[in-house]
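A.B. asks: Right, I'll just put the structure down here and ask away after.
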Amino acid sequence: MTRPFPPSAALLAGLLALGLTGRAEAHNTGVHRKLTDHAYEVMLMVQKEGPSQTRLPGLPLPASEKALSSADSEFPALRPWRAVNKSVTDAELKARWTAYMAEVRAALPRLRGLKGGLPKPGKPECQVDTVGWGQPMSSFEAMTLGATKKPIAGDYLSDDVDGCGIQDGWEPGGIFNHVNKGPQRDFGGTVLGVWSRHPDDEIDDVHMWIRPTNAGGLSEIKKILAGIAGAGAGVAYISYKCMLTCLKSFFGGECKKCVTDEWNKGQQQGSSAVAWVDGLVPGFGDHTSEQYVGLWHHIIALPPPPDGSATYDTLPGFHLEQAGVVGNPDGIEVGTRALADALGITVHYETSQGCQRYQVTGANDGHADSVMRGEDEWQFLSMAHTPFSPVDNVAWAGWKDFRDAGEARAARSLAGPLHAIGDATVPMHVTGTFGWGHRPFEDAIDWRYEELMFYGDKLASFHQARAILETSFIWREFIRDWRQKHGNTKDVPVRDLVTTVAQLTAVYVKQNLKEDWPFHPLMSTQYFVSKDDAVAYYMDYANSDELVRPLLVNAVAAELAFLTAASEVMP
Amino acid sequence: MSRPLLAGVVALWAFAAGAQPQPSRSDTVTSPHSLPAKPVEIGPLNRRGPDIRRVDDRARCIAIAQRQTKRPQAGRRSPAQVELAFQTALASCAGPDVPPERAAVVGAANVEFRELALKFLDGELSGPAYLAAVGDRNRKVDRARTDVAWRSALASGDADRDFVPDTLDTCPGTPAHQVTDDAGCPRRVALPRQDPAISYRRMMEQQHLMISPACTGAPTPASPAPRRYSRAPSDPGANNEGYKVAVTRVGNQPANCPVFYELAFRMSGPIRQDLPRDRLITVTYRDTEAHAATHPGEVLFRIPASSEGERRELFEQLGLYQRTQIQARAVNGDGQPSAWSEVREVKVSSSTIQ
């Protein structure tokens with residue numbers, strides 16, 4: 001069973017993917033990239049202000065200077081934290097804040113000296129000096145963040161990237177256009193962002209295997225088509241009903257009849273291929289193995305599991321069988337569960353690196369290790385019955401690589417933790433649902449990201465950066481507390497961090513839950529029938545920007561605190 | 001995380017508490033559903049054949065299992081029986097450490113889950129009834145995983161396939177897929193009144209799976225990147241008013257494998273107050289509709305004034321907003337999609353693009 005995902009099986013997987021509603025990742029990948037770059041830009045802002053608290057032109061007091069004031073009104077984001085931590089005096093808070101600002105400043109040179117780990121651009125024409133890399137190709141992969149002279153596009157890692165993977169015209173947005181500008185513009189955040197967007201690209205996380213009865217049967221459909229004149233080079237549109245007939249008849253005679261009928265019916269619909277696609281295949285359906293990497297990107301904090309109930313990890317990861325909001329599946333989730341069983345789509349243990357990589361053992365970080373599973377528990381039943389490891393384990397795998405890499409340390413190892421923090425701020429991913437409006441909710445954030453983060457409003461962007469910085473102070477305190485309890489190590493408790501971010505998102509969702517936001521029982525179905533309408537629902541929802549923004553602020557803040565702490569394991 | 005810190009961060013947002021999730025309304029029914037009463041007779045759960053037992057190589061093991069199920073005697077069995085034999089053999093192929101009775105239970109479970117799924121997908125079972133039946137089987141399969149005695153008893157015989165061993169079954173002959181208690185007797189199940197799967201079924205009936213033999217073995221399509229768009233000059237009499245959109249060409253697909261370009265537009269910054277804040281419109285083109293661009297790596301798609309449907313709406317809306325963002329992806333004839341490109345703001349070119 002060493003063969004990878006069989007190509008013919010991709011077709012059947014398409015049926016499943018019709019239920020999985022596209023790539024099951026938290027936040028769209030482009031949003032992950034922007035969140036991480038945003039954290040880096042805030043760090044640049046702190047550095048720019050410097051210890052002398054030079055004011056940025058035309059703006060209120062710099063963030064770091066504001067923080068030196070103990071006046072409650074000038075430090076709003078920390079007010080609730082102070083209410084809980086009453087023993088922290090004004091003087092102590094000032095001292096801690098000043099220390100934190102110094103730590104952020106100290107982190108930047110370390111990060112700038114970190115190898116980006118980007119592979120060489122694939123196209124020969126991109127490996128020449130005229131591109132302006134300013135880096136010999138022989139040492140391209142060792143190019144540090146600080147030496148990166150071009151803004152790296154989010155799709156840099158794809159095989160057929162446009163424009164050598166350089167995003168001409170890139171700007172960091174908002175206040176950061178004034179902080180990070182000119183010929184010395186720092187593009188380190190774009191490199192980190194590329195990795196944050198692609199935590200799985202370098203890893204073969206998951207292969208799905210369709211039990212041979214079905215996979216073999218699928219090739220029968222192509223054989224049937226090959227026997228129809230003209231069908232070999234055409235496109236057949238096989239209806240849901242016909243696919244069911246094929247599955248039920250084990251691809252026998254009834255299947256042949258319905259496939260032939262479908263082909264003939266398709267031809268009668270005229271020559272407008274576009275009409276076919278728009279009318280018959282709304283939304284298409286993702287079905288590559290890449291589709292499935294998102295299965296590792298959940299951590300179920302809502303509802304909190306009763307003590308000791310999680311079978312394999314402290315908080316469970318995605319489990320199709322239990323998908324839904326507080327145990328209630330929507331239609332997409334019920335249907336996808338059935339499709340997984342009908343098709344026999346199963347984790348292929350031997351070729352799925354995620355099974356081993358995302359089970360945690362010997363972490364010694366105060367967070368329980370995973371209960372280890374063998375091949376049978378991963379592979380015997382379909383993916384509907386297979387619990388996946390939670391996303392804090394994905395963070396841990398990357399962090400362990402980064403922490404222990406020594407000279408070989410590169411930014412790519414930060415992909416897991418950074419992506420996981422972002423994942424933990426998405427309501428659907430802390431609830432373990434891929435329905436209930438999951439995909440349109442994420443699409444809406446993607447389309448409106450620049451408005452949400454005030455790209456076009458310098459002053460609002462500055463105030464938001466301050467809120468991010470103050471929030472990140474709380475996460476820094478979290479890491480500091482843990483370090484003190486664990487022998488003043490420089491280690492970073494990434495599993496605790498991701499878990500707590502997820503718990504916080506769950507609390508936030510409970511506090512702000514509306515009857516129809518963020519979870520909507522019909523919007524994932526609507527996404528297939530009319531994708532634009534489903535996305536527009538979330539974009540136009542009353543106060544949606546105000547509801548979503550705190551989640552994004554917290555994501556950036558936690559990533560900022562993580563980057564600062566992570567840099568401290570470097571020389 | 002310490003509780004005070006969590007509380008502190010929680011309070012950071014200081015938002016008012018909202019509504020809590022409402023449990024589904026449900027009532028109790030005496031029988032979840034009526035199913036065809038005649039179970040498929042498959043005899044005792046299958047055992048591994050002696051030749052499979054000797055095989056360590058799993059790929060070979062699977063091949064042998066496939067051959068076994070195609071033997072002449074297999075032809076006298078029903079497809080369901082063949083499937084059960086095959087699924088059991090498949091579980092055995094996971095390695096020599098898998099006890100035969102475990103493989104038997106796994107094989108039977110996969111067949112049962114498959115049959116339940118097909119009945120649900122075909123509309124014979126409602127969503128709640130399907131979930132209740134799967135939940136019942138899950139509970140019993142889980143017990144068989146940890147309770148060796150139960151598993152052995154189950155593997156030795158379960159004629160009515162309720163996953164209660166015949167030796168412990170006080171209600172033999174229950175209908176197929178019937179929810180039962182651990183004694184094998186029908187159990188009342190509280191089913192939610194609302195069926196969440198109704199909308200799903202309606203939606204799926206509109207779905208089609210694309211299959212193109214020419215795309216067999218094709219790699220994942222490259223992601224097309226939106227480059228720019230322009231309003232073509234109005235040329236009286238030529239009827240060519242409209243927009244042109246340039247995206248990078250998807251070049252990594254086999255010859256004759258169709259490629260569809262899906263272009264999602266977001267328009268914002270309305271020029272009039274009575275317009276919505278945003279508009280989203282997605283249009284799809286087939287590669288055969290692409291026009292060659294002067295830039296070798298690009299293709300052009302047109303949105304002429306004479307367009308119909310979604311394209312016509314797009315044509316009209318593009319002129320009503322100041323800002324346009326585009327996202328694109330490609331899908332090949334086997335329905336295999338690229339990733340979506342990143343959202344890019346695309347400026348209207350001052351000169352026409354060719």
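Naming scheme: A, B, ... for chains in displayed order of the structure tokens; residues 1 onward per chain; ligands 1 onward as shown.
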Where in segment 47-205 of chain B does DSSP assign alpha helix (DSSP H), given as a ChimeraX atom specification?
C.D. replies: /B:50-53,58-69,72-75,79-92,100-121,127-146,148-156,197-205
A.B. asks: Mind checking which residues fall within 9 Å of Met428 of chain A, counting only C-alpha atoms, ignoring those fewer than 5 positions away in the same chain, and posting them as a list in words?
C.D. replies: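 Contacts, in chain order: Ala26, His298, Gly324, Val325, Thr433, Phe434, Gly435, Trp436, Gly437, His438, Phe441, Pro518 and Phe519 of chain A.
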A.B. asks: For Asp97 of chain B, work out the shell of residues within 12 Å, counting only C-alpha atoms and skipping chain neighbours fewer than 3 positions away, then give it as a list of chain:residue names.
C.D. replies: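 Once the nearby chain positions are removed, what remains is A:Gly374, A:Glu375, A:Asp376, B:Arg53, B:Asp56, B:Ala91, B:Ser92, B:Cys93, B:Ala94, B:Pro100, B:Glu101, B:Arg102, B:Ala103.
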A.B. asks: Can you tell me, as a PDB file with C-alpha atoms, in the first residue's frame, what residues are no more than 9 Å from segment 260-276 of chain B when counting only C-alpha atoms, ignoring any on the same chain fewer than 4 positions away?
C.D. replies:
ATOM      1  CA  VAL A 274     -19.610  28.141 -20.042  1.00  0.00           C
ATOM      2  CA  VAL A 277     -20.050  25.076 -15.991  1.00  0.00           C
ATOM      3  CA  TRP A 447     -12.103  40.184   0.481  1.00  0.00           C
ATOM      4  CA  ASP A 532     -21.236  35.132  -4.210  1.00  0.00           C
TER       5      ASP A 532
ATOM      6  CA  PRO B 224      -3.854  31.807 -12.829  1.00  0.00           C
ATOM      7  CA  PRO B 226      -5.039  38.250 -12.470  1.00  0.00           C
ATOM      8  CA  VAL B 250      -2.450  27.830 -17.187  1.00  0.00           C
ATOM      9  CA  LEU B 280     -19.277  40.132  -5.725  1.00  0.00           C
ATOM     10  CA  ILE B 281     -19.667  38.469  -9.111  1.00  0.00           C
ATOM     11  CA  THR B 282     -17.960  35.303 -10.290  1.00  0.00           C
ATOM     12  CA  VAL B 283     -17.789  34.345 -13.951  1.00  0.00           C
ATOM     13  CA  THR B 284     -16.330  31.271 -15.601  1.00  0.00           C
ATOM     14  CA  TYR B 285     -14.644  30.906 -18.985  1.00  0.00           C
ATOM     15  CA  ARG B 286     -13.486  27.884 -20.837  1.00  0.00           C
ATOM     16  CA  ASP B 287      -9.985  27.964 -22.328  1.00  0.00           C
ATOM     17  CA  THR B 288     -11.450  27.831 -25.801  1.00  0.00           C
ATOM     18  CA  LEU B 314     -20.519  42.097 -14.340  1.00  0.00           C
ATOM     19  CA  GLN B 317     -21.485  46.701 -12.310  1.00  0.00           C
ATOM     20  CA  LEU B 318     -17.851  47.319 -13.237  1.00  0.00           C
ATOM     21  CA  GLY B 319     -18.790  50.789 -14.330  1.00  0.00           C
ATOM     22  CA  LEU B 320     -20.541  51.608 -11.079  1.00  0.00           C
ATOM     23  CA  TYR B 321     -17.642  51.114  -8.679  1.00  0.00           C
ATOM     24  CA  GLN B 322     -14.293  52.787  -8.276  1.00  0.00           C
ATOM     25  CA  ARG B 323     -12.295  49.844  -7.082  1.00  0.00           C
ATOM     26  CA  THR B 324     -11.995  46.292  -8.404  1.00  0.00           C
ATOM     27  CA  GLN B 325     -10.287  43.291  -6.864  1.00  0.00           C
ATOM     28  CA  ILE B 326      -9.972  39.985  -8.665  1.00  0.00           C
ATOM     29  CA  GLN B 327      -9.246  36.471  -7.552  1.00  0.00           C
ATOM     30  CA  ALA B 328      -8.827  33.601  -9.992  1.00  0.00           C
ATOM     31  CA  ARG B 329      -8.468  29.883 -10.146  1.00  0.00           C
ATOM     32  CA  ALA B 330      -8.452  27.180 -12.765  1.00  0.00           C
ATOM     33  CA  VAL B 331     -10.334  23.901 -12.890  1.00  0.00           C
ATOM     34  CA  ASN B 332      -9.513  21.156 -15.341  1.00  0.00           C
ATOM     35  CA  GLY B 333     -11.923  18.807 -17.069  1.00  0.00           C
TER      36      GLY B 333
END
A.B. asks: Report the distance between atom CA of Glu241 of chain B and atom CA of Ser306 of chain B in Å, rounded to one decimal place.
C.D. replies: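 Distance between the two atoms: 8.3 Å.
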A.B. asks: Please provide as a compact mmCIF listing (two decimals) with N, CA and C atoms, in the first residue's frame all residues within 10 Å of segment 252-260 of chain A, with the sequence filter that same-chain residues fewer than 2 positions apart are discarded (counting only C-alpha atoms).
C.D. replies:
# COMPACT_ATOMS: atom_id res chain seq x y z
N GLY A 217 -13.29 0.98 -9.59
CA GLY A 217 -14.55 1.19 -10.28
C GLY A 217 -14.58 2.50 -11.03
N GLU A 220 -13.66 2.53 -14.45
CA GLU A 220 -14.70 1.97 -15.32
C GLU A 220 -15.48 3.09 -16.00
N ILE A 221 -15.69 4.17 -15.29
CA ILE A 221 -16.44 5.28 -15.91
C ILE A 221 -15.67 5.83 -17.10
N LYS A 222 -14.37 5.94 -16.93
CA LYS A 222 -13.57 6.44 -18.06
C LYS A 222 -13.57 5.43 -19.21
N LYS A 223 -13.59 4.16 -18.86
CA LYS A 223 -13.66 3.15 -19.93
C LYS A 223 -14.98 3.27 -20.69
N ILE A 224 -16.04 3.50 -19.93
CA ILE A 224 -17.35 3.67 -20.58
C ILE A 224 -17.29 4.87 -21.53
N LEU A 225 -16.72 5.96 -21.04
CA LEU A 225 -16.64 7.17 -21.86
C LEU A 225 -15.78 6.93 -23.10
N GLY A 227 -15.56 4.41 -24.73
CA GLY A 227 -16.30 3.62 -25.71
C GLY A 227 -17.36 4.42 -26.46
N ILE A 228 -17.56 5.66 -26.06
CA ILE A 228 -18.56 6.50 -26.73
C ILE A 228 -17.83 7.38 -27.73
N ALA A 231 -16.32 10.99 -26.97
CA ALA A 231 -16.30 11.31 -25.54
C ALA A 231 -14.89 11.32 -24.96
N ALA A 236 -17.50 15.04 -19.71
CA ALA A 236 -18.80 14.50 -19.32
C ALA A 236 -19.20 15.11 -17.99
N TYR A 237 -20.47 15.39 -17.87
CA TYR A 237 -20.98 15.95 -16.62
C TYR A 237 -21.89 14.91 -15.99
N ILE A 238 -21.36 14.24 -14.98
CA ILE A 238 -22.07 13.12 -14.38
C ILE A 238 -22.86 13.63 -13.19
N SER A 239 -24.15 13.37 -13.22
CA SER A 239 -25.00 13.91 -12.16
C SER A 239 -24.78 13.14 -10.86
N LYS A 241 -27.04 11.83 -9.12
CA LYS A 241 -27.87 10.62 -9.14
C LYS A 241 -27.14 9.49 -9.86
N CYS A 242 -26.49 9.83 -10.94
CA CYS A 242 -25.78 8.81 -11.71
C CYS A 242 -24.59 8.27 -10.92
N MET A 243 -23.88 9.17 -10.23
CA MET A 243 -22.75 8.70 -9.42
C MET A 243 -23.24 7.75 -8.34
N LEU A 244 -24.38 8.06 -7.77
CA LEU A 244 -24.93 7.15 -6.75
C LEU A 244 -25.27 5.80 -7.36
N THR A 245 -25.84 5.86 -8.54
CA THR A 245 -26.17 4.60 -9.23
C THR A 245 -24.91 3.77 -9.43
N CYS A 246 -23.85 4.42 -9.84
CA CYS A 246 -22.59 3.70 -10.08
C CYS A 246 -22.06 3.10 -8.77
N LEU A 247 -22.12 3.88 -7.72
CA LEU A 247 -21.62 3.37 -6.44
C LEU A 247 -22.46 2.19 -5.97
N LYS A 248 -23.76 2.32 -6.11
CA LYS A 248 -24.63 1.27 -5.59
C LYS A 248 -24.52 -0.02 -6.42
N SER A 249 -24.26 0.16 -7.70
CA SER A 249 -24.20 -1.03 -8.56
C SER A 249 -22.77 -1.54 -8.70
N PHE A 250 -21.86 -1.01 -7.89
CA PHE A 250 -20.44 -1.38 -8.00
C PHE A 250 -19.96 -1.19 -9.44
N GLU A 262 -25.90 10.38 -19.55
CA GLU A 262 -25.42 11.71 -19.11
C GLU A 262 -24.58 12.36 -20.20
N TRP A 263 -23.76 11.55 -20.84
CA TRP A 263 -22.94 12.10 -21.92
C TRP A 263 -23.82 12.66 -23.03
N ASN A 264 -24.80 11.86 -23.43
CA ASN A 264 -25.67 12.31 -24.52
C ASN A 264 -26.46 13.56 -24.11
N LYS A 265 -26.89 13.57 -22.86
CA LYS A 265 -27.65 14.73 -22.38
C LYS A 265 -26.78 15.98 -22.40
N GLY A 266 -25.54 15.81 -21.97
CA GLY A 266 -24.62 16.95 -21.94
C GLY A 266 -24.41 17.53 -23.31
A.B. asks: Do a neighbour search on Cys171 of chain B at 9 Å with only C-alpha atoms, toss out local chain neighbours closer than 3 positions, and write the hits as a ChimeraX atom specification.
C.D. replies: /B:174,183-186
A.B. asks: Write the selection just made, keeping N, CA and C atoms, as an mmCIF file, in the first residue's frame?
C.D. replies:
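Everything below was put into result.cif:
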data_model
loop_
_atom_site.group_PDB
_atom_site.id
_atom_site.type_symbol
_atom_site.label_atom_id
_atom_site.label_comp_id
_atom_site.auth_asym_id
_atom_site.auth_seq_id
_atom_site.Cartn_x
_atom_site.Cartn_y
_atom_site.Cartn_z
ATOM 1 N N THR B 174 -33.404 -8.796 13.650
ATOM 2 C CA THR B 174 -33.859 -7.404 13.516
ATOM 3 C C THR B 174 -33.598 -6.938 12.090
ATOM 4 N N ALA B 183 -28.357 -5.720 23.767
ATOM 5 C CA ALA B 183 -28.913 -7.072 23.704
ATOM 6 C C ALA B 183 -29.481 -7.363 22.320
ATOM 7 N N GLY B 184 -29.338 -6.416 21.419
ATOM 8 C CA GLY B 184 -29.774 -6.647 20.051
ATOM 9 C C GLY B 184 -31.243 -6.352 19.800
ATOM 10 N N CYS B 185 -31.912 -5.716 20.760
ATOM 11 C CA CYS B 185 -33.336 -5.422 20.593
ATOM 12 C C CYS B 185 -33.535 -3.976 20.137
ATOM 13 N N PRO B 186 -34.538 -3.758 19.286
ATOM 14 C CA PRO B 186 -34.765 -2.404 18.756
ATOM 15 C C PRO B 186 -34.864 -1.371 19.869
#
A.B. asks: For chain A, which of B:Phe163, B:Tyr243, B:Tyr200, B:Phe301 is the closest residue, counting only C-alpha atoms?
C.D. replies: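 Nearest candidate to chain A out of B:Phe163, B:Tyr243, B:Tyr200, B:Phe301: B:Tyr200.
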A.B. asks: When you count only C-alpha atoms, which of these residues is closest to Val164 of chain B: B:Arg279, B:Arg139, B:Arg188, B:Arg302?
C.D. replies: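 Ranked by minimum distance to Val164 of chain B, first place goes to B:Arg139.
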A.B. asks: Report as a list in words: the residues of segment 108-217 of chain B with a DSSP assignment of strand (DSSP E or B), based on the backbone of this structure.
C.D. replies: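 Matching residues for strand (DSSP E or B) in segment 108-217 of chain B are Thr180, Pro186, Val189, Ala190, Leu191, Pro192, His208, Leu209, Met210 and Ile211 of chain B.
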A.B. asks: Atoms to include: N, CA and C atoms. Write the selected residues as a PDB file, in the first residue's frame.
C.D. replies:
ATOM      1  N   THR B 180     -30.226  -0.756  17.801  1.00  0.00           N
ATOM      2  CA  THR B 180     -30.581  -1.691  18.866  1.00  0.00           C
ATOM      3  C   THR B 180     -29.815  -1.360  20.141  1.00  0.00           C
ATOM      4  N   PRO B 186     -34.538  -3.758  19.286  1.00  0.00           N
ATOM      5  CA  PRO B 186     -34.765  -2.404  18.756  1.00  0.00           C
ATOM      6  C   PRO B 186     -34.864  -1.371  19.869  1.00  0.00           C
ATOM      7  N   VAL B 189     -35.306   5.843  19.577  1.00  0.00           N
ATOM      8  CA  VAL B 189     -34.308   6.902  19.377  1.00  0.00           C
ATOM      9  C   VAL B 189     -35.022   8.246  19.259  1.00  0.00           C
ATOM     10  N   ALA B 190     -34.547   9.209  19.990  1.00  0.00           N
ATOM     11  CA  ALA B 190     -35.098  10.560  19.873  1.00  0.00           C
ATOM     12  C   ALA B 190     -34.482  11.225  18.647  1.00  0.00           C
ATOM     13  N   LEU B 191     -35.310  11.578  17.715  1.00  0.00           N
ATOM     14  CA  LEU B 191     -34.800  12.189  16.482  1.00  0.00           C
ATOM     15  C   LEU B 191     -35.224  13.647  16.410  1.00  0.00           C
ATOM     16  N   PRO B 192     -34.317  14.528  16.057  1.00  0.00           N
ATOM     17  CA  PRO B 192     -34.712  15.920  15.852  1.00  0.00           C
ATOM     18  C   PRO B 192     -35.777  16.011  14.773  1.00  0.00           C
ATOM     19  N   HIS B 208     -22.891  18.379 -10.564  1.00  0.00           N
ATOM     20  CA  HIS B 208     -22.399  17.397 -11.514  1.00  0.00           C
ATOM     21  C   HIS B 208     -20.899  17.245 -11.323  1.00  0.00           C
ATOM     22  N   LEU B 209     -20.458  16.065 -11.594  1.00  0.00           N
ATOM     23  CA  LEU B 209     -19.028  15.799 -11.511  1.00  0.00           C
ATOM     24  C   LEU B 209     -18.471  15.840 -12.925  1.00  0.00           C
ATOM     25  N   MET B 210     -17.450  16.650 -13.136  1.00  0.00           N
ATOM     26  CA  MET B 210     -16.843  16.712 -14.471  1.00  0.00           C
ATOM     27  C   MET B 210     -15.863  15.564 -14.629  1.00  0.00           C
ATOM     28  N   ILE B 211     -15.936  14.915 -15.744  1.00  0.00           N
ATOM     29  CA  ILE B 211     -14.972  13.854 -16.038  1.00  0.00           C
ATOM     30  C   ILE B 211     -14.507  14.020 -17.483  1.00  0.00           C
TER      31      ILE B 211
END
A.B. asks: So, with only C-alpha atoms as the atoms that count, which of B:Glu298, B:Asp147, B:Asp278, B:Glu289 lies closest to Asp533 of chain A?
C.D. replies: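 Of B:Glu298, B:Asp147, B:Asp278, B:Glu289, the one nearest Asp533 of chain A is B:Asp278, counting only C-alpha atoms.
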